[in-house]
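Structure data follow from coords-v3.txt (compact mmCIF, C-alpha atoms):
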# COMPACT_ATOMS: atom_id res chain seq x y z
CA MET A 1 175.38 110.12 49.48
CA LEU A 2 176.05 113.37 47.67
CA LYS A 3 179.58 113.23 46.25
CA VAL A 4 179.97 116.43 44.17
CA LEU A 5 178.24 119.82 44.06
CA ALA A 6 178.78 122.14 41.08
CA VAL A 7 177.66 125.75 40.58
CA HIS A 8 178.32 127.95 37.55
CA GLY A 9 177.34 131.60 37.06
CA TYR A 10 175.49 132.15 40.36
CA ARG A 11 176.40 135.38 42.17
CA SER A 12 180.12 135.14 43.03
CA LEU A 13 180.21 131.41 42.21
CA ARG A 14 181.48 131.71 38.65
CA ASP A 15 182.63 128.09 38.51
CA VAL A 16 182.78 126.14 41.78
CA VAL A 17 183.00 122.34 42.00
CA PHE A 18 183.90 120.46 45.17
CA GLU A 19 183.58 117.05 46.79
CA LEU A 20 181.51 116.29 49.87
CA GLY A 21 181.99 113.72 52.61
CA PRO A 22 179.71 112.25 55.29
CA LEU A 23 180.36 115.54 57.11
CA THR A 24 181.41 118.57 55.06
CA VAL A 25 182.51 121.82 56.71
CA VAL A 26 182.49 124.92 54.50
CA THR A 27 184.45 127.84 55.92
CA GLY A 28 185.79 131.21 54.84
CA ALA A 29 185.81 134.87 55.75
CA ASN A 30 182.71 137.06 55.57
CA GLY A 31 181.71 137.85 52.00
CA VAL A 32 183.53 134.99 50.26
CA GLY A 33 180.33 133.30 49.05
CA LYS A 34 179.26 130.91 51.82
CA SER A 35 175.68 132.20 51.83
CA SER A 36 175.53 131.95 48.03
CA LEU A 37 176.63 128.34 48.29
CA TYR A 38 173.88 127.66 50.83
CA ARG A 39 171.33 129.24 48.49
CA ALA A 40 172.62 127.13 45.59
CA PHE A 41 171.70 123.99 47.54
CA GLY A 42 168.26 125.53 48.02
CA LEU A 43 167.85 126.25 44.30
CA LEU A 44 168.42 122.59 43.49
CA SER A 45 165.76 121.71 46.05
CA ASP A 46 163.42 124.25 44.42
CA ALA A 47 164.00 122.58 41.04
CA ALA A 48 162.69 119.28 42.39
CA ARG A 49 159.59 121.05 43.72
CA GLY A 50 158.86 122.91 40.51
CA GLN A 51 159.56 126.23 42.27
CA LEU A 52 162.92 127.23 40.78
CA ILE A 53 161.63 129.97 38.46
CA ALA A 54 159.53 131.50 41.26
CA SER A 55 162.48 131.33 43.66
CA LEU A 56 164.71 133.21 41.23
CA ALA A 57 161.93 135.76 40.65
CA ARG A 58 161.78 136.44 44.41
CA ALA A 59 165.53 137.07 44.31
CA GLY A 60 165.00 139.77 41.67
CA GLY A 61 165.11 137.66 38.52
CA LEU A 62 167.93 135.86 36.76
CA SER A 63 169.82 139.06 35.95
CA SER A 64 170.06 139.84 39.68
CA VAL A 65 171.74 136.55 40.62
CA LEU A 66 174.06 135.98 37.65
CA TRP A 67 177.83 136.24 37.92
CA ALA A 68 178.58 139.92 37.33
CA GLY A 69 182.28 139.65 36.47
CA PRO A 70 183.97 138.94 33.14
CA GLU A 71 183.17 135.76 31.23
CA PHE A 72 186.82 134.70 31.54
CA VAL A 73 189.37 135.79 34.12
CA SER A 74 192.78 135.91 32.47
CA GLY A 75 196.15 135.44 34.08
CA ALA A 76 196.98 139.06 33.28
CA MET A 77 193.89 140.20 35.18
CA ILE A 78 194.90 138.06 38.18
CA ARG A 79 198.44 139.49 38.14
CA GLY A 80 197.12 143.04 37.83
CA GLU A 81 198.68 143.52 34.41
CA ALA A 82 195.34 144.07 32.68
CA PRO A 83 192.06 145.66 33.81
CA VAL A 84 189.17 143.45 34.81
CA GLN A 85 186.84 143.78 31.86
CA GLY A 86 184.79 141.81 29.38
CA THR A 87 185.97 140.76 25.95
CA GLY A 88 183.33 142.78 24.10
CA ARG A 89 181.55 139.75 22.72
CA ARG A 90 180.47 136.72 24.69
CA LYS A 91 181.72 133.31 23.57
CA ALA A 92 179.17 131.39 25.64
CA PRO A 93 175.47 132.05 26.28
CA ILE A 94 174.27 133.66 29.51
CA SER A 95 173.83 130.77 31.88
CA LEU A 96 173.20 129.79 35.48
CA THR A 97 173.97 126.11 35.82
CA LEU A 98 173.66 123.85 38.85
CA GLY A 99 174.47 120.20 39.28
CA PHE A 100 175.35 117.42 41.64
CA ALA A 101 176.35 113.78 41.60
CA THR A 102 175.63 111.04 44.09
CA GLU A 103 177.33 107.64 44.13
CA HIS A 104 175.02 106.43 41.35
CA LEU A 105 173.26 109.33 39.59
CA GLY A 106 173.89 112.93 38.64
CA TYR A 107 171.72 115.89 37.67
CA LEU A 108 172.36 119.17 35.85
CA ILE A 109 170.08 122.11 35.09
CA ASP A 110 171.01 125.07 32.87
CA LEU A 111 168.97 128.29 32.93
CA GLY A 112 169.10 131.29 30.62
CA LEU A 113 167.02 134.15 29.25
CA PRO A 114 164.32 133.91 26.55
CA GLN A 115 165.53 134.39 23.00
CA ALA A 116 165.02 137.79 21.41
CA GLY A 117 161.78 137.80 19.47
CA ASP A 118 159.98 135.22 21.62
CA ARG A 119 156.32 136.17 21.92
CA THR A 120 156.09 136.50 25.67
CA MET A 121 155.70 139.29 28.19
CA PHE A 122 157.65 137.16 30.69
CA PHE A 123 160.92 138.07 29.04
CA ARG A 124 162.59 138.60 32.43
CA ASP A 125 161.73 135.09 33.61
CA PRO A 126 164.56 132.58 33.22
CA GLU A 127 163.99 129.60 30.98
CA ILE A 128 165.22 126.08 31.48
CA LYS A 129 167.46 125.53 28.48
CA ARG A 130 168.94 122.17 29.33
CA GLU A 131 168.62 119.37 31.89
CA ALA A 132 170.21 115.98 32.23
CA VAL A 133 170.02 112.98 34.51
CA PHE A 134 173.13 110.89 34.07
CA ALA A 135 174.97 107.91 35.48
CA ALA A 136 177.62 109.04 37.98
CA PRO A 137 180.27 110.24 38.21
CA GLU A 138 180.33 112.47 35.12
CA LEU A 139 178.10 113.80 32.35
CA ARG A 140 179.13 112.21 29.05
CA PRO A 141 177.13 111.31 25.94
CA SER A 142 177.23 107.64 26.95
CA SER A 143 176.20 108.31 30.56
CA VAL A 144 173.08 110.40 29.82
CA LEU A 145 169.92 108.64 30.95
CA VAL A 146 167.38 111.43 30.41
CA GLU A 147 168.07 114.61 28.47
CA ARG A 148 166.12 117.79 28.00
CA ASN A 149 167.33 120.28 25.36
CA ARG A 150 165.02 123.27 25.33
CA SER A 151 161.59 121.66 24.92
CA THR A 152 162.72 118.29 23.58
CA VAL A 153 162.97 115.38 26.03
CA LYS A 154 164.85 112.19 25.29
CA VAL A 155 165.07 109.04 27.38
CA ARG A 156 167.66 106.31 26.97
CA SER A 157 166.27 103.07 25.64
CA THR A 158 168.32 99.92 25.26
CA THR A 159 170.91 101.43 22.94
CA ALA A 160 170.21 105.13 22.37
CA LEU A 161 168.31 108.22 23.47
CA ALA A 162 164.76 108.25 22.10
CA ASP A 163 162.59 111.34 21.71
CA LEU A 164 159.48 111.09 23.90
CA GLY A 165 157.51 112.96 21.25
CA TRP A 166 156.09 115.65 23.51
CA ARG A 167 157.48 119.01 24.56
CA LEU A 168 158.17 120.66 27.89
CA PRO A 169 157.41 124.38 28.35
CA PRO A 170 160.47 126.48 29.26
CA HIS A 171 159.33 126.99 32.86
CA ALA A 172 158.73 123.29 33.64
CA GLY A 173 161.50 121.00 34.84
CA LEU A 174 162.24 117.32 34.37
CA LEU A 175 162.20 116.52 38.07
CA ASP A 176 158.71 117.90 38.46
CA GLU A 177 157.16 116.75 35.18
CA LEU A 178 158.72 113.26 34.81
CA SER A 179 158.36 112.07 38.40
CA ASP A 180 156.61 108.77 37.62
CA PRO A 181 158.83 106.12 39.29
CA VAL A 182 157.62 103.39 36.94
CA ALA A 183 158.01 105.20 33.63
CA TYR A 184 161.08 107.28 34.57
CA PRO A 185 162.82 105.60 37.53
CA ASP A 186 166.08 107.54 37.17
CA VAL A 187 164.33 110.92 37.23
CA ALA A 188 162.20 109.82 40.17
CA ALA A 189 165.29 108.63 42.07
CA VAL A 190 167.00 112.01 41.62
CA ARG A 191 163.83 113.85 42.62
CA ASP A 192 163.37 111.73 45.74
CA GLU A 193 167.00 112.37 46.68
CA VAL A 194 166.64 116.15 46.42
CA LEU A 195 163.21 116.29 48.08
CA SER A 196 164.65 114.56 51.14
CA TRP A 197 167.23 117.32 51.71
CA ARG A 198 166.64 119.58 54.71
CA PHE A 199 167.86 123.10 55.37
CA TYR A 200 168.18 124.96 58.64
CA ASP A 201 169.28 128.57 58.52
CA THR A 202 169.43 131.02 61.41
CA PHE A 203 166.45 130.27 63.67
CA ARG A 204 164.56 133.13 65.25
CA VAL A 205 165.22 133.17 68.99
CA ASP A 206 163.88 136.62 69.97
CA ALA A 207 161.17 137.03 72.60
CA ASP A 208 158.41 136.52 70.01
CA ALA A 209 160.09 133.61 68.21
CA PRO A 210 157.64 130.88 67.09
CA ALA A 211 159.74 128.24 68.86
CA ARG A 212 158.95 129.77 72.28
CA ARG A 213 155.18 129.35 71.90
CA ALA A 214 152.89 126.51 72.84
CA VAL A 215 151.61 124.51 69.86
CA VAL A 216 148.89 121.99 69.12
CA GLY A 217 150.23 118.60 70.12
CA THR A 218 150.53 116.44 67.02
CA ARG A 219 153.21 113.92 66.11
CA THR A 220 155.99 115.82 64.28
CA GLN A 221 158.84 113.75 62.84
CA VAL A 222 160.54 116.67 61.09
CA LEU A 223 161.19 120.06 62.69
CA ALA A 224 159.86 122.96 60.61
CA ALA A 225 162.45 125.24 59.04
CA ASP A 226 161.39 128.12 61.32
CA GLY A 227 161.17 125.94 64.44
CA SER A 228 157.49 126.80 64.95
CA ASP A 229 156.56 123.21 65.91
CA LEU A 230 159.46 122.71 68.33
CA PRO A 231 157.44 121.41 71.36
CA ALA A 232 155.67 118.78 69.21
CA ALA A 233 158.93 117.78 67.52
CA VAL A 234 160.67 117.39 70.90
CA ARG A 235 157.84 115.23 72.25
CA THR A 236 158.00 113.06 69.14
CA ILE A 237 161.71 112.49 69.79
CA ILE A 238 161.08 111.73 73.47
CA GLU A 239 158.64 109.00 72.44
CA SER A 240 161.07 107.53 69.89
CA ALA A 241 164.34 105.60 69.89
CA TRP A 242 166.21 108.94 69.89
CA ALA A 243 165.03 109.96 73.38
CA ARG A 244 168.29 109.05 75.14
CA PRO A 245 170.67 110.62 72.56
CA PHE A 246 168.58 113.81 72.60
CA ALA A 247 168.60 113.95 76.40
CA ASP A 248 172.35 113.33 76.46
CA ALA A 249 172.94 116.16 73.95
CA VAL A 250 171.00 118.64 76.10
CA ALA A 251 172.71 117.50 79.31
CA ASP A 252 176.10 117.73 77.59
CA ALA A 253 175.57 121.39 76.73
CA PHE A 254 173.86 122.60 79.91
CA ASP A 255 175.42 120.72 82.84
CA GLY A 256 172.85 117.98 83.23
CA ALA A 257 169.75 119.96 82.25
CA THR A 258 166.67 118.16 80.92
CA VAL A 259 164.01 119.33 78.47
CA GLN A 260 160.41 118.29 79.07
CA VAL A 261 157.09 118.84 77.33
CA GLU A 262 154.03 119.94 79.31
CA GLU A 263 150.53 119.33 77.93
CA ALA A 264 147.44 121.42 78.62
CA SER A 265 144.17 121.18 76.65
CA GLY A 266 145.96 119.54 73.72
CA ARG A 267 148.71 122.15 73.51
CA PHE A 268 152.38 121.38 74.12
CA GLU A 269 154.85 123.70 75.82
CA LEU A 270 158.57 123.22 76.50
CA THR A 271 160.18 123.49 79.93
CA MET A 272 163.74 122.95 81.14
CA ARG A 273 164.92 121.74 84.52
CA GLN A 274 168.48 122.59 85.50
CA PRO A 275 170.39 121.29 88.55
CA GLY A 276 170.14 123.82 91.39
CA MET A 277 166.94 125.47 90.11
CA LEU A 278 163.84 125.18 92.30
CA ARG A 279 161.41 125.36 89.39
CA GLU A 280 161.28 124.53 85.72
CA LEU A 281 161.92 127.29 83.20
CA ALA A 282 159.39 127.78 80.40
CA ALA A 283 160.74 128.23 76.87
CA SER A 284 159.77 131.90 77.06
CA GLU A 285 162.42 132.29 79.78
CA TRP A 286 165.27 130.52 77.99
CA SER A 287 168.26 132.47 76.74
CA ASP A 288 168.64 132.89 72.99
CA GLY A 289 171.57 130.48 72.98
CA THR A 290 169.70 127.83 74.96
CA LEU A 291 166.75 127.95 72.59
CA ARG A 292 168.98 127.80 69.52
CA TYR A 293 170.88 124.79 70.82
CA VAL A 294 167.65 122.91 71.62
CA LEU A 295 166.41 123.71 68.11
CA MET A 296 169.63 122.30 66.63
CA ALA A 297 169.46 119.20 68.85
CA THR A 298 165.87 118.62 67.72
CA ALA A 299 166.70 119.03 64.03
CA LEU A 300 169.64 116.63 64.33
CA HIS A 301 167.68 113.93 66.18
CA SER A 302 164.75 113.72 63.78
CA PRO A 303 163.19 110.24 63.86
CA ARG A 304 163.04 110.56 60.07
CA PRO A 305 166.58 111.60 59.11
CA PRO A 306 167.08 113.12 55.64
CA SER A 307 169.63 112.02 53.09
CA LEU A 308 171.30 115.44 53.40
CA LEU A 309 171.09 118.06 56.14
CA VAL A 310 172.49 121.55 55.43
CA LEU A 311 173.15 123.84 58.40
CA ASN A 312 173.94 127.50 57.82
CA GLU A 313 175.93 129.12 60.65
CA PRO A 314 174.54 126.90 63.43
CA GLU A 315 176.86 128.59 65.95
CA THR A 316 175.00 131.92 65.81
CA SER A 317 174.28 133.33 69.31
CA LEU A 318 175.81 130.30 71.06
CA HIS A 319 178.30 130.84 73.88
CA PRO A 320 181.81 129.57 73.04
CA GLN A 321 181.53 127.07 75.90
CA VAL A 322 178.60 125.37 74.13
CA LEU A 323 180.42 124.95 70.78
CA PRO A 324 182.21 121.71 71.80
CA ALA A 325 178.82 120.16 72.63
CA LEU A 326 177.41 121.41 69.32
CA GLY A 327 180.38 119.89 67.50
CA ARG A 328 179.83 116.51 69.17
CA LEU A 329 176.13 116.74 68.35
CA ILE A 330 176.80 117.39 64.66
CA LYS A 331 179.47 114.67 64.36
CA ASP A 332 177.10 112.17 65.94
CA ALA A 333 174.33 113.16 63.49
CA ALA A 334 176.77 112.67 60.60
CA THR A 335 176.91 108.95 61.44
CA ARG A 336 173.20 108.72 60.53
CA THR A 337 172.85 111.24 57.69
CA GLN A 338 175.09 113.33 55.48
CA VAL A 339 175.65 116.80 56.96
CA VAL A 340 176.97 120.02 55.44
CA VAL A 341 177.88 122.78 57.88
CA ILE A 342 178.52 126.31 56.60
CA THR A 343 180.30 128.32 59.28
CA HIS A 344 182.85 131.03 59.99
CA SER A 345 183.50 129.83 63.56
CA ALA A 346 187.07 128.62 63.91
CA ALA A 347 186.17 126.95 67.21
CA LEU A 348 183.38 124.92 65.63
CA VAL A 349 185.59 124.01 62.67
CA ALA A 350 188.19 122.65 65.11
CA GLU A 351 185.54 120.55 66.87
CA LEU A 352 184.29 119.09 63.59
CA LYS A 353 187.66 117.93 62.29
CA GLY A 354 188.00 114.19 61.85
CA ARG A 355 188.72 111.34 59.49
CA ARG A 356 185.23 111.46 57.96
CA THR A 357 185.13 115.26 57.65
CA ALA A 358 185.67 116.99 54.30
CA SER A 359 186.92 120.57 54.70
CA VAL A 360 186.13 123.19 52.05
CA GLU A 361 187.62 126.64 52.51
CA LEU A 362 186.28 129.38 50.26
CA THR A 363 188.35 132.39 49.25
CA LYS A 364 187.75 135.30 46.89
CA ARG A 365 189.82 136.73 44.05
CA LEU A 366 188.65 139.61 41.85
CA GLY A 367 185.11 139.08 43.16
CA GLU A 368 185.10 135.37 42.29
CA THR A 369 184.60 132.63 44.89
CA LEU A 370 187.26 129.94 44.73
CA VAL A 371 187.96 126.74 46.66
CA ALA A 372 191.25 127.30 48.46
CA ASP A 373 194.20 125.14 47.32
CA GLN A 374 192.16 123.58 44.52
CA GLY A 375 193.97 123.10 41.24
CA LEU A 376 193.40 121.23 37.99
CA LEU A 377 194.58 117.97 39.56
CA THR A 378 192.54 118.31 42.76
CA ARG A 379 189.28 119.58 41.23
CA PRO A 380 186.64 116.80 41.12
CA ARG A 381 185.67 115.33 37.78
CA TRP A 382 182.83 117.37 36.35
CA ASN A 383 181.64 118.19 32.83
CA TRP A 384 179.16 121.02 32.25
CA GLY A 385 178.39 119.95 28.66
CA SER A 386 176.99 122.53 26.27
CA ARG A 387 173.70 123.75 24.85
Show me this structure written as structure tokens.
Amino acid sequence: MLKVLAVHGYRSLRDVVFELGPLTVVTGANGVGKSSLYRAFGLLSDAARGQLIASLARAGGLSSVLWAGPEFVSGAMIRGEAPVQGTGRRKAPISLTLGFATEHLGYLIDLGLPQAGDRTMFFRDPEIKREAVFAAPELRPSSVLVERNRSTVKVRSTTALADLGWRLPPHAGLLDELSDPVAYPDVAAVRDEVLSWRFYDTFRVDADAPARRAVVGTRTQVLAADGSDLPAAVRTIIESAWARPFADAVADAFDGATVQVEEASGRFELTMRQPGMLRELAASEWSDGTLRYVLMATALHSPRPPSLLVLNEPETSLHPQVLPALGRLIKDAATRTQVVVITHSAALVAELKGRRTASVELTKRLGETLVADQGLLTRPRWNWGSR
């Protein structure tokens, strides 16, 4: 289970570290950095797929996503006694750093810009300056298992870190290049952990949404991120051990309604039967909220649950009367897999409260995202190290 997430220098997340539970609810007003936090999870996933540099390029390059405020925020700036400004000369290199720790292993990746004078036309592309796989809970010299410093890679032997003798290019990451589970089991374990994460952002539910269409009927254990294979994913659940919980979740939200899958010439299409209706309703007739809830129920009842499921604003377009059912659905899923919910719905937050729920409220001060009520004694143990 993921225990700690850490982000440094990404958009408004100048230095954010917080703990996660089996179910973690991230809340806060609009504009405090919830979406940036969601994207930070995605960047770590991109690192495991070897797509991190390309992902940052699509966002406009490293300079477009870096923290834009001062390197240090002084007490005088916070009190309004001094203007918010830089110090004139940086004390630390330009850096976007991401990391996490599970119960057993941790991972950190540090990105920066190419050095002046490097012979490359890709001078706007970020470079991977530093990576580490370490024994949880904290990065220390004695806990490092695999270390990458610029192009040099070292792996811990019996007593010390040993240079592998070959060099990594600045755009290639440890998790992608050292994925052999036999030669580098710790790197492979971290990569497998991150690759199993799943992300569901706001699904399309308009009249032309992919989820409303019939699809080729093929067994689908994991719902696509855009919901385009929804009928096949629902049928896979119906033919699995999760059929009853899925049916109960739909009936809970829509007064005893049932979702069925019709087949014609190898193509699957969703229908819903509701008490009092004389005919079944095709997915093309469902309300936006109905379709979104069925999408969420399908994602949360996957026959192949991930190690971590991240939901961004799952309450969007749902009627307030459906939020209690959504809350019960999410809490039930959190007994099978770790779930992070990013939301600004007070009603959903209230439904998700419980003994196993970790609550993270984000606030903003001078443009910087902060974890509310977090101080030096309540901040999780985390060490960024240095280049």
Considering all atoms listed in the file, return as a list of chain:residue names whatever protein or nucleic-acid residues lie within 12 Å of segment 154-158 of chain A, sequence-local ones (same chain, fewer than 6 positions apart) excluded.
A:Arg130, A:Glu131, A:Ala132, A:Val133, A:Phe134, A:Ala135, A:Pro141, A:Ser142, A:Ser143, A:Val144, A:Leu145, A:Val146, A:Glu147, A:Arg148, A:Leu164, A:Gly165, A:Trp166, A:Arg167, A:Leu168, A:Leu174, A:Leu178, A:Ala183, A:Tyr184, A:Pro185, A:Asp186, A:Val187
Go through segment 42-160 of chain A and flag each residue having an atom no more than 12 Å from segment 308-328 of chain A; for those, report the closest pair of atoms plus their distance in Å to one decimal, using all atoms listed in the file, ordered by chain and rising number, as JSON lines.
{"residue": "A:Gly42", "atom": "CA", "partner": "A:Val310", "partner_atom": "CA", "distance": 9.4}
{"residue": "A:Ser45", "atom": "CA", "partner": "A:Leu308", "partner_atom": "CA", "distance": 11.1}
{"residue": "A:Thr102", "atom": "CA", "partner": "A:Leu308", "partner_atom": "CA", "distance": 11.2}
Shell of 7 Å around Pro380 of chain A, all atoms listed in the file, local chain residues under 2 positions omitted, as a PDB file with C-alpha atoms, in the frame of the given file:
ATOM      1  CA  VAL A  17     183.000 122.340  42.000  1.00  0.00           C
ATOM      2  CA  PHE A  18     183.900 120.460  45.170  1.00  0.00           C
ATOM      3  CA  GLU A  19     183.580 117.050  46.790  1.00  0.00           C
ATOM      4  CA  THR A 378     192.540 118.310  42.760  1.00  0.00           C
ATOM      5  CA  TRP A 382     182.830 117.370  36.350  1.00  0.00           C
TER       6      TRP A 382
END
Selection near Pro169 of chain A, 9 Å with only C-alpha atoms, sequence-local residues under 4 positions removed, as a PyMOL selection string
chain A and resi 127-128+150-151+173
With a distance cut-off of 12 Å and only C-alpha atoms, select the neighbouring residues of Ala233 of chain A, excluding the residue or stretch itself and same-chain residues fewer than 2 positions from it, and output the selection as JSON, numbers by chain.
{"A": [211, 214, 215, 216, 217, 218, 219, 220, 221, 222, 223, 224, 225, 227, 228, 229, 230, 231, 235, 236, 237, 238, 239, 240, 242, 243, 246, 260, 261, 268, 269, 270, 294, 295, 296, 297, 298, 299, 300, 301, 302, 303, 304]}
Any idea what's packed within 12 Å of segment 63-65 of chain A, counting all atoms listed in the file, ignoring anything in its chain fewer than 4 positions away? Could you give it as an NGL selection string?
:A and (8-14 or 36 or 39-40 or 43 or 55-59 or 69 or 94-97 or 111-113 or 123-126)
Kindly add all heavy atoms to the incomplete segment 357-365 of chain A and provide the output as a tab-separated table (two decimals), in the coordinates of the input.
chain	number	residue	atom	x	y	z
A	357	THR	N	185.53	113.88	57.94
A	357	THR	CA	185.13	115.26	57.65
A	357	THR	C	185.86	115.79	56.42
A	357	THR	O	187.08	115.73	56.34
A	357	THR	CB	185.44	116.17	58.85
A	357	THR	OG1	184.77	115.67	60.01
A	357	THR	CG2	184.98	117.59	58.57
A	358	ALA	N	185.09	116.31	55.46
A	358	ALA	CA	185.67	116.99	54.30
A	358	ALA	C	185.66	118.49	54.58
A	358	ALA	O	184.63	119.06	54.96
A	358	ALA	CB	184.85	116.68	53.05
A	359	SER	N	186.80	119.14	54.42
A	359	SER	CA	186.92	120.57	54.70
A	359	SER	C	187.00	121.33	53.38
A	359	SER	O	187.83	121.01	52.52
A	359	SER	CB	188.17	120.85	55.54
A	359	SER	OG	188.05	120.22	56.81
A	360	VAL	N	186.15	122.35	53.24
A	360	VAL	CA	186.13	123.19	52.05
A	360	VAL	C	186.29	124.63	52.50
A	360	VAL	O	185.40	125.18	53.16
A	360	VAL	CB	184.82	123.02	51.25
A	360	VAL	CG1	184.82	123.93	50.03
A	360	VAL	CG2	184.62	121.57	50.83
A	361	GLU	N	187.40	125.24	52.17
A	361	GLU	CA	187.62	126.64	52.51
A	361	GLU	C	187.42	127.49	51.27
A	361	GLU	O	188.04	127.25	50.23
A	361	GLU	CB	189.03	126.87	53.07
A	361	GLU	CG	189.27	128.32	53.48
A	361	GLU	CD	190.66	128.58	53.97
A	361	GLU	OE1	191.46	127.62	54.06
A	361	GLU	OE2	190.97	129.75	54.28
A	362	LEU	N	186.55	128.49	51.38
A	362	LEU	CA	186.28	129.38	50.26
A	362	LEU	C	187.11	130.66	50.40
A	362	LEU	O	187.28	131.19	51.50
A	362	LEU	CB	184.79	129.74	50.20
A	362	LEU	CG	183.82	128.58	50.03
A	362	LEU	CD1	182.38	129.11	49.95
A	362	LEU	CD2	184.14	127.74	48.81
A	363	THR	N	187.63	131.13	49.29
A	363	THR	CA	188.35	132.39	49.25
A	363	THR	C	187.77	133.22	48.10
A	363	THR	O	186.91	132.74	47.35
A	363	THR	CB	189.85	132.18	49.01
A	363	THR	OG1	190.05	131.53	47.74
A	363	THR	CG2	190.46	131.31	50.10
A	364	LYS	N	188.26	134.44	47.95
A	364	LYS	CA	187.75	135.30	46.89
A	364	LYS	C	188.91	135.99	46.18
A	364	LYS	O	189.86	136.43	46.83
A	364	LYS	CB	186.78	136.34	47.44
A	364	LYS	CG	185.60	136.64	46.53
A	364	LYS	CD	184.54	137.44	47.24
A	364	LYS	CE	183.23	137.45	46.46
A	364	LYS	NZ	182.20	138.25	47.12
A	365	ARG	N	188.81	136.06	44.85
A	365	ARG	CA	189.82	136.73	44.05
A	365	ARG	C	189.11	137.47	42.92
A	365	ARG	O	188.38	136.88	42.15
A	365	ARG	CB	190.80	135.72	43.47
A	365	ARG	CG	191.96	136.34	42.68
A	365	ARG	CD	192.80	135.24	42.06
A	365	ARG	NE	192.05	134.50	41.05
A	365	ARG	CZ	192.40	133.29	40.59
A	365	ARG	NH1	193.47	132.70	41.07
A	365	ARG	NH2	191.67	132.69	39.67
